[in-house]
Amino acid sequence: MHYFIGNLGHLFVIISFVASLVTAFSYWKNFYSTNELSRQSWSFNGRIAFYIHTLAVLGIVTVLFTIIYRHYFEYHYAYSHSSRHLPGQYMVSCFWEGQEGSFLLWMFWQAVLGIIVIHTQRTWQAPVMIVFALVQAFLASMILGVVIPGLDFKIGSSPFILLRDAMNDPIFKTNPDFIPTDGRGLNPLLQNYWMVIHPPTLFLGFALTLPPFAFCIAGLWLKKYSEWIKPALPWTLVGGAILGLGILMGGYWAYETLSFGGYWNWDPVENAVYVPWIVLIAAIHVMMLTKSKGKGLRTSIILIITVFILVLYSTFLTRSGILGDASVHSFTDLGLSGQLLLYLLFFTVAAAALIIVRWKQLPADEKEISAYSSEFWIFIGATVLCLMGFQVLLPTSIPVYNKIIELFGGHSNLAPPANQVAFYSKFQLWFAVGVALVSGTAQFFWWTRMSKAKLKDLLVPALVTLILFAVVISIAKVYKPTYLVLTLAGVYLIVSNAKILLSTWKVNPSLSGGAIAHIGVALMLIGLMFSSGYSNVVSLNNSGLIVNKDMGTDFNRDNLLLFINEPKSMAGYDIEYRSENVEFRNKKGYVRKNDIEPTNDPYRVVATKDIVYQGKKMYSAKDTFEIYPENTFYEIEMRKNGKVAATLYPRIQINPSMGGFLASPDIKRNFDRDIYTHVSLTQNREEEPTWGKPEEVKIKIGQRFFINDYVSVLEEVKRIEKIDGVELTPEDVAVKARVRVEGEHEPFYAEPVFLIRNKTEVGRIPAEINDLGVRVLLANIHPQTGEFSLLCDARQKDWVVIKALEKPYINILWLGTGVLMIGFGLSAARSIKEFRK
Amino acid sequence: MKRTHIIAIAIIAIAIGIIIATAGDASTYVNFGQAHQMAAAGNNSQIHVVGQLKKDSAGHVVGLQNSADKLSFSFILVDDNHQEQNVFYPEPMPPDFLKSEKVVVVGGYQHDEFVANKILLKCPSKYQENKLKI
């Protein structure tokens with residue numbers, strides 16, 4: 001039992017909590033001290049306290065990681081998120097699989113940002129750090145794990161609780177020092193490199209919404225109403241980029257790992273990060289306007305505070321368990337709902353009160369704005385973005401409404417929309433059109449002084465847009481009216497921003513961030529439309545079987561049953577299921593299950609023949625090597641005109657402790673389309689197969705015959721000295737037949753054994769060829785005629801049910817993401833440079 | 001009227017439109033009796049029904065029918081009012097189906113059979129597990 005390390009971790013948690021409160025207090029004293037000397041010493045105290053807080057957070061991280069990495073399974077966190085066989089790089093993912101670890105990650109980033117604030121800000125340091133310290137205190141309280149004596153009230157859930165305290169297993173009564181030999185392991189869906197980088201990116205994005213909020217609150221407090229924008233803007237821009245990147249990484253992970261057929265499912269958990277990001281984008285635009293033209297200060301303040309509150313709200317939604325029935329992958333309830341609600345309400349009420357108190361003093365814009373001014377277009381754009389977020393937020397909060405109605409004794413049976421994807425898409429599509437049109441136009445008004453007379457300058461881009469639009473729709477064959485509108489808006493956004501880009505690039509390339517980012521957005525919209533709107537099920541069933549006689553066949557038959565080695569045609573490919581595979585542990589690649597034999601250790605196997613993968617010899621016959629037994633990869637070969645175009649390996653993990661059956665797709669990436677395949681059903685290996693009626697053949701050596709329509713030949717029959725390593729006595733007689741069966745792709749050998757023990761007892765050991773689903777038994781030997789009787793029977797061949805989708809032009813989406821990030825990078829670099837001046 | 005007022009009115013109109021559309025598209029949790037009445041009244045909206053699989057006294061799931069090609073199946077769901085209903089699902093059986101404690105079907109009646117477009121399963125979670133695997 002390693003008690004010390006857990007106690008140390010817990011101590012660090014308490015230190016981090018107390019230090020953050022001390023930070024807030026010290027900066028508060030600094031702020032209200034009249035005497036210059038005590039101001040300085042309180043500010044020094046505040047800095048030291050925040051450094052101690054940061055070191056304590058680093059300490060918690062180190063301790064928790066050590067517990068996971070060293071496999072201290074006496075701790076609940078290590079036991080429930082890790083295991084001995086987990087590959088090293090995924091140990092990192094164990095860290096944030098649990099809620100406590102993800103709170104920790106969030107705290108870590110905010111601590112880092114706090115240190116940067118301390119070193120870059122002088123005038124703003126005290127008020128900004130008070131807000132930082134309070135947020136950190138709330139987060140630290142979530143992992144505090146302290147029970148208030150007498151009240152039986154627990155604050156926070158500690159990541160350092162022992163297994164025996166977390167579980168009521170009877171073994172701890174008899175043996176309190178019991179330590180399990182292995183942990184439960186990491187959810188296989190999280191064993192993916194995107195899950196190593198997606199959560200840190202997302203939480204850095206969340207953390208980056210804090211500095212703008214803190215600066216805004218500080219500005220309101222100090223009555224420096226518009227000065228806060230300049231130091232806050234670089235944070236906001238970087239935050240917009242990182243949060244956007246984090247969300248897209250999550251989408252990409254879902255595309256590669258989950259088997260719902262896409263990258264975005266409008267699940268409440270996804271919506272909970274999408275809404276703050278959309279509002280953050282609106283905030284960035286209005287803040288830029290406030291900074292350069294002095295307009296829209298009130299809107300900037302409201303938006304930046306809303307973003308932070310929305311981050312807290314989404315934290316509440318995903319972690320309180322309130323989504324329970326509505327979401328497939330929200331965190332489970334740790335009993336923190338009360339604390340989370342307090343966290344949300346504290347900052348909401350405090351920020352709202354501050355705005356209300358200061359509202360009258362905030363400089364307002366003049367009442368009437370001209371449609372030829374850039375602020376008009378930016379406001380319209382920000383409004384569209386906010387409505388876009390509102391439309392998602394409203395239905396996502398349905399479980400919250402039900403809860404509130406229940407609290408007041410009512411009953412509500414409201415459920416989220418039945419088809420989430422169709423529901424959200426039909427609204428978001430039109431908002432996207434609005435965003436594209438407005439942001440395309442706003443760019444002109446931003447860079448040039450517009451007037452009625454200058455409107456004719458827009459003629460050329462309009463013309464170019466139309467020509468390009470015609471080219472795109474005729475090449476890509478877009479006919480659906482809504483998609484035509486979206487394509488037109490997207491093309492317009494590209495053309496108008498390309499025009500701006502050409503002129504800004506000549507003047508100063510560092511000004512082109514906005515235009516590049518907008519082109520990225522346009523590419524993303526077009527890519528989204530094609531890859532989702534024109535996503536096709538290509539595994540349409542054409543077997544002609546009537547599924548259910550009462551129902552008719554008017555159902556979408558989206559899945560395809562593939563028997564082993566029987567090709568079917570799909571999306572212009574011949575597709576064939578070839579084998580079940582497992583993954584090498586020490587090399588990259590897969591080995592067929594039929595080519596290996598198990599040992600006592602499930603992670604080690606023996607090769608029954610030379611193992612070749614992609615034309616390369618990996619192991620020789622009889623070699624013992626290591627594999628990952630948990631995952632089965634189904635080898636699906638796709639051929640075009642007789643040539644192998646791709647071999648896909650969609651994955652299945654049967655893992656009872658993680659909820660059973662987990663499927664991950666494999667994707668064939670082409671330049672213009674992805675073909676995405678996942679396994680939707682496999683055969684139950686535990687069930688005994690039903691064998692057909694055995695057929696007897698009487699043949700001589702070298703004679704050809706048929707086993708279940710496969711050409712076969714009896715090659716030889718020879719005497720053997722031992723069976724399965726067991727030596728035979730001199731009286732025993734054993735012979736082994738070697739039957740060659742020509743499979744579709746390669747020959748297989750069946751070696752049934754015929755045995756006479758103690759002169760009278762006859763034994764027969766059948767041989768099965770798994771790939772072909774046939775079994776051969778050496779039934780009798782006829783020495784007089786030199787003939788042998790073979791009993792052959794067949795079962796249903798191995799099969800797998802797959803679903804395959806086609807995602808056209810998905811690469812435009814990924815390209816657009818890259819372009820957007822470049823644009824963000826340029827803008828952020830420029831605003832940081834301006835801040836330094 | 002000033003332009004800002006017109007815009008403000010437009011925003012409010014869109015927001016109200018969104019609220020109405022959401023209320024209209026939101027589904028409801030009902031039981032089979034209510035669902036049947038809705039279908040009989042010509043209401044074909046998609047609804048959620050929560051229930052459990054029908055089991056015999058030994059705890060085995062009964063009434064399960066797999067199609068020959070394994071690509072669809074039907075089962076008997078018992079709702080919270082203990083009403084039984086045959087449910088058809090035109091997709092392969094979800095692998096954890098038989099282990100689920102609670103099944104939520106999203107769909108509607110077609111003739112006398114309930115056709116599910118989506119099945120949500122509530123499985124005994126690993127977090128609720130209080131036993132060690134040794």
# chains A, B, ... in the order shown; residues from 1 in each chain; ligands from 1
>>> residues_around(residues="stretch 106-120 of chain B", least_positions_apart="4", cutoff="10 Å", atoms="only C-alpha atoms", output="ChimeraX atom specification")
/A:325-328,417-419,550-551 /B:27-29,32,35-40,43-50,74,76-77,85-91,93-94,97,100,102
>>> write_last_selection(atoms="N, CA and C atoms", output="short mmCIF file (atom, residue, chain, number, x, y, z; two decimals), in the first residue's frame")
data_model
loop_
_atom_site.label_atom_id
_atom_site.label_comp_id
_atom_site.auth_asym_id
_atom_site.auth_seq_id
_atom_site.Cartn_x
_atom_site.Cartn_y
_atom_site.Cartn_z
N ASP A 325 -30.29 11.00 -19.59
CA ASP A 325 -31.02 10.27 -20.62
C ASP A 325 -30.75 10.83 -22.01
N ALA A 326 -30.36 12.11 -22.09
CA ALA A 326 -30.33 12.77 -23.39
C ALA A 326 -29.02 12.56 -24.15
N SER A 327 -27.95 12.29 -23.43
CA SER A 327 -26.67 12.22 -24.12
C SER A 327 -26.04 10.86 -23.96
N VAL A 328 -25.32 10.45 -24.99
CA VAL A 328 -24.66 9.15 -24.93
C VAL A 328 -23.36 9.24 -24.17
N PRO A 417 -35.41 16.67 -29.62
CA PRO A 417 -35.92 16.30 -30.94
C PRO A 417 -35.50 14.89 -31.32
N ALA A 418 -36.41 14.14 -31.95
CA ALA A 418 -36.16 12.72 -32.23
C ALA A 418 -34.97 12.53 -33.16
N ASN A 419 -34.87 13.37 -34.17
CA ASN A 419 -33.74 13.24 -35.08
C ASN A 419 -32.87 14.49 -34.96
N ASP A 550 -44.50 -8.83 -42.78
CA ASP A 550 -45.64 -7.96 -42.45
C ASP A 550 -45.36 -6.51 -42.81
N MET A 551 -44.11 -6.16 -42.81
CA MET A 551 -43.77 -4.75 -42.90
C MET A 551 -43.48 -4.27 -44.31
N SER B 27 -39.56 16.28 -29.05
CA SER B 27 -40.30 15.03 -28.93
C SER B 27 -40.84 14.92 -27.50
N THR B 28 -41.58 13.86 -27.23
CA THR B 28 -42.09 13.69 -25.87
C THR B 28 -41.86 12.26 -25.41
N TYR B 29 -41.80 12.08 -24.09
CA TYR B 29 -41.76 10.74 -23.51
C TYR B 29 -43.20 10.33 -23.25
N PHE B 32 -46.93 3.37 -24.48
CA PHE B 32 -47.47 2.84 -25.73
C PHE B 32 -48.94 3.20 -25.93
N ALA B 35 -49.08 6.58 -27.25
CA ALA B 35 -48.52 6.59 -28.60
C ALA B 35 -49.54 6.05 -29.59
N HIS B 36 -50.24 5.02 -29.18
CA HIS B 36 -51.23 4.42 -30.06
C HIS B 36 -52.37 5.39 -30.35
N GLN B 37 -52.81 6.06 -29.30
CA GLN B 37 -53.86 7.07 -29.47
C GLN B 37 -53.42 8.17 -30.42
N MET B 38 -52.15 8.61 -30.25
CA MET B 38 -51.64 9.66 -31.11
C MET B 38 -51.65 9.21 -32.56
N ALA B 39 -51.20 7.96 -32.79
CA ALA B 39 -51.14 7.45 -34.16
C ALA B 39 -52.56 7.33 -34.73
N ALA B 40 -53.52 6.87 -33.86
CA ALA B 40 -54.90 6.72 -34.33
C ALA B 40 -55.49 8.07 -34.69
N ASN B 43 -51.61 11.60 -35.70
CA ASN B 43 -50.39 12.32 -35.33
C ASN B 43 -49.19 11.40 -35.54
N ASN B 44 -48.37 11.70 -36.54
CA ASN B 44 -47.28 10.78 -36.86
C ASN B 44 -45.93 11.25 -36.35
N SER B 45 -45.95 12.13 -35.34
CA SER B 45 -44.65 12.64 -34.87
C SER B 45 -43.89 11.53 -34.14
N GLN B 46 -42.58 11.70 -34.13
CA GLN B 46 -41.70 10.71 -33.51
C GLN B 46 -41.71 10.92 -32.00
N ILE B 47 -41.88 9.82 -31.28
CA ILE B 47 -41.95 9.94 -29.82
C ILE B 47 -40.95 9.00 -29.15
N HIS B 48 -40.69 9.25 -27.88
CA HIS B 48 -39.80 8.42 -27.07
C HIS B 48 -40.65 7.53 -26.17
N VAL B 49 -40.38 6.26 -26.13
CA VAL B 49 -41.04 5.38 -25.15
C VAL B 49 -39.96 4.69 -24.34
N VAL B 50 -40.09 4.73 -23.03
CA VAL B 50 -39.13 4.08 -22.15
C VAL B 50 -39.72 2.77 -21.68
N SER B 74 -36.92 -7.79 -34.31
CA SER B 74 -38.02 -7.22 -33.56
C SER B 74 -38.03 -7.81 -32.16
N ILE B 76 -40.07 -7.48 -27.92
CA ILE B 76 -41.23 -7.03 -27.15
C ILE B 76 -40.75 -6.10 -26.04
N LEU B 77 -41.32 -4.91 -26.03
CA LEU B 77 -40.94 -3.94 -25.00
C LEU B 77 -42.14 -3.75 -24.07
N GLN B 85 -45.57 -4.35 -26.23
CA GLN B 85 -45.67 -3.93 -27.61
C GLN B 85 -44.54 -4.55 -28.42
N ASN B 86 -44.89 -5.06 -29.59
CA ASN B 86 -43.88 -5.57 -30.49
C ASN B 86 -43.22 -4.38 -31.19
N VAL B 87 -41.89 -4.32 -31.14
CA VAL B 87 -41.16 -3.21 -31.76
C VAL B 87 -40.25 -3.75 -32.85
N PHE B 88 -40.31 -3.14 -34.00
CA PHE B 88 -39.44 -3.56 -35.10
C PHE B 88 -38.33 -2.54 -35.29
N TYR B 89 -37.12 -3.03 -35.50
CA TYR B 89 -35.98 -2.12 -35.68
C TYR B 89 -35.24 -2.53 -36.95
N PRO B 90 -35.23 -1.68 -37.96
CA PRO B 90 -34.63 -2.09 -39.24
C PRO B 90 -33.11 -1.97 -39.29
N GLU B 91 -32.46 -2.31 -38.22
CA GLU B 91 -31.00 -2.28 -38.15
C GLU B 91 -30.57 -3.55 -37.41
N MET B 93 -29.15 -5.93 -34.53
CA MET B 93 -29.36 -5.80 -33.09
C MET B 93 -28.15 -5.13 -32.44
N PRO B 94 -28.36 -4.06 -31.67
CA PRO B 94 -27.21 -3.45 -30.98
C PRO B 94 -26.58 -4.49 -30.07
N PHE B 97 -27.68 -5.11 -26.49
CA PHE B 97 -29.12 -5.04 -26.35
C PHE B 97 -29.66 -5.91 -25.23
N SER B 100 -29.23 -4.79 -21.55
CA SER B 100 -29.67 -3.47 -21.11
C SER B 100 -30.73 -3.56 -20.04
N LYS B 102 -32.66 -0.84 -19.39
CA LYS B 102 -33.74 0.04 -19.79
C LYS B 102 -33.53 0.32 -21.27
#
>>> residues_around(residues="A:Thr236", least_positions_apart="6", cutoff="9 Å", atoms="only C-alpha atoms", output="CSV table (one decimal) with C-alpha atoms, in the first residue's frame")
chain,number,residue,atom,x,y,z
A,208,LEU,CA,-8.5,31.1,-22.5
A,209,THR,CA,-12.1,32.4,-22.1
A,211,PRO,CA,-8.6,36.2,-19.3
A,212,PRO,CA,-11.0,38.2,-21.4
A,280,LEU,CA,-16.9,33.8,-28.7
A,281,ILE,CA,-16.5,34.4,-32.4
A,283,ALA,CA,-17.4,38.6,-29.3
A,284,ILE,CA,-14.1,38.7,-31.2
A,304,ILE,CA,-17.4,38.4,-23.5
A,828,ALA,CA,-3.6,36.9,-33.0
>>> residues_around(residues="stretch 353-363 of chain A", least_positions_apart="2", cutoff="7 Å", atoms="only C-alpha atoms", output="tab-separated table (two decimals) with N, CA and C atoms, in the first residue's frame")
chain	number	residue	atom	x	y	z
A	220	LEU	N	-14.81	46.97	-15.75
A	220	LEU	CA	-16.06	47.48	-15.17
A	220	LEU	C	-15.82	47.98	-13.75
A	225	TYR	N	-13.69	51.67	-18.76
A	225	TYR	CA	-14.68	50.93	-19.53
A	225	TYR	C	-14.20	50.41	-20.88
A	298	ARG	N	-20.80	48.30	-25.17
A	298	ARG	CA	-21.75	47.56	-24.32
A	298	ARG	C	-21.93	46.13	-24.84
A	349	VAL	N	-24.23	35.79	-11.26
A	349	VAL	CA	-24.83	36.85	-10.45
A	349	VAL	C	-23.84	38.00	-10.29
A	350	ALA	N	-22.59	37.68	-9.97
A	350	ALA	CA	-21.59	38.73	-9.74
A	350	ALA	C	-21.42	39.58	-11.00
A	351	ALA	N	-21.27	38.93	-12.16
A	351	ALA	CA	-21.05	39.68	-13.40
A	351	ALA	C	-22.28	40.50	-13.76
A	365	ASP	N	-23.45	53.89	-27.97
A	365	ASP	CA	-23.32	54.37	-29.35
A	365	ASP	C	-24.47	55.32	-29.65
>>> closest_residue(among="B:Pro92, B:Lys55, B:Lys2, B:Ile14", to="B:Phe73", atoms="only C-alpha atoms")
B:Pro92
>>> residues_around(residues="A:Pro752", least_positions_apart="4", cutoff="6 Å", atoms="only C-alpha atoms", output="PyMOL selection string")
chain A and resi 736-737+765-767+777-778
>>> select_by_dssp(residues="stretch 491-552 of chain A", states="alpha helix (DSSP H)", output="JSON, numbers by chain")
{"A": [491, 492, 493, 494, 495, 496, 497, 498, 499, 500, 501, 502, 503, 504, 505, 506, 507, 513, 514, 515, 516, 517, 518, 519, 520, 521, 522, 523, 524, 525, 526, 527, 528]}
>>> interface_residues(of="chain A", to="chain B", cutoff="6 Å", atoms="only C-alpha atoms", output="MDAnalysis selection string")
chainID A and resid 167:169 413:418 661
>>> residues_around(residues="A:Cys792", least_positions_apart="2", cutoff="6 Å", atoms="only C-alpha atoms", output="VMD selection string")
chain A and resid 694 to 695 775 to 776
>>> residues_around(residues="A:Asp672", least_positions_apart="4", cutoff="10 Å", atoms="only C-alpha atoms", output="number ranges by chain")
A: 807-812
>>> write_last_selection(atoms="N, CA and C atoms", output="JSON list (two decimals), in the first residue's frame")
[["chain", "number", "residue", "atom", "x", "y", "z"],
["A", 807, "LYS", "N", -18.24, 9.87, -48.08],
["A", 807, "LYS", "CA", -18.22, 11.28, -47.65],
["A", 807, "LYS", "C", -17.50, 12.08, -48.73],
["A", 808, "PRO", "N", -18.27, 12.68, -49.65],
["A", 808, "PRO", "CA", -17.59, 13.37, -50.75],
["A", 808, "PRO", "C", -16.97, 14.69, -50.28],
["A", 809, "TYR", "N", -15.86, 15.02, -50.84],
["A", 809, "TYR", "CA", -15.15, 16.30, -50.64],
["A", 809, "TYR", "C", -14.92, 16.64, -49.17],
["A", 810, "ILE", "N", -14.75, 15.62, -48.34],
["A", 810, "ILE", "CA", -14.53, 15.92, -46.93],
["A", 810, "ILE", "C", -13.21, 16.64, -46.72],
["A", 811, "ASN", "N", -12.29, 16.44, -47.67],
["A", 811, "ASN", "CA", -10.98, 17.10, -47.53],
["A", 811, "ASN", "C", -11.08, 18.61, -47.59],
["A", 812, "ILE", "N", -12.14, 19.13, -48.23],
["A", 812, "ILE", "CA", -12.32, 20.58, -48.26],
["A", 812, "ILE", "C", -12.56, 21.09, -46.84]]
>>> residues_around(residues="A:Ser82", least_positions_apart="5", cutoff="7 Å", atoms="only C-alpha atoms", output="list in words")
Ile68, Cys94, Gly183, Arg184, Gly185 and Leu186 of chain A
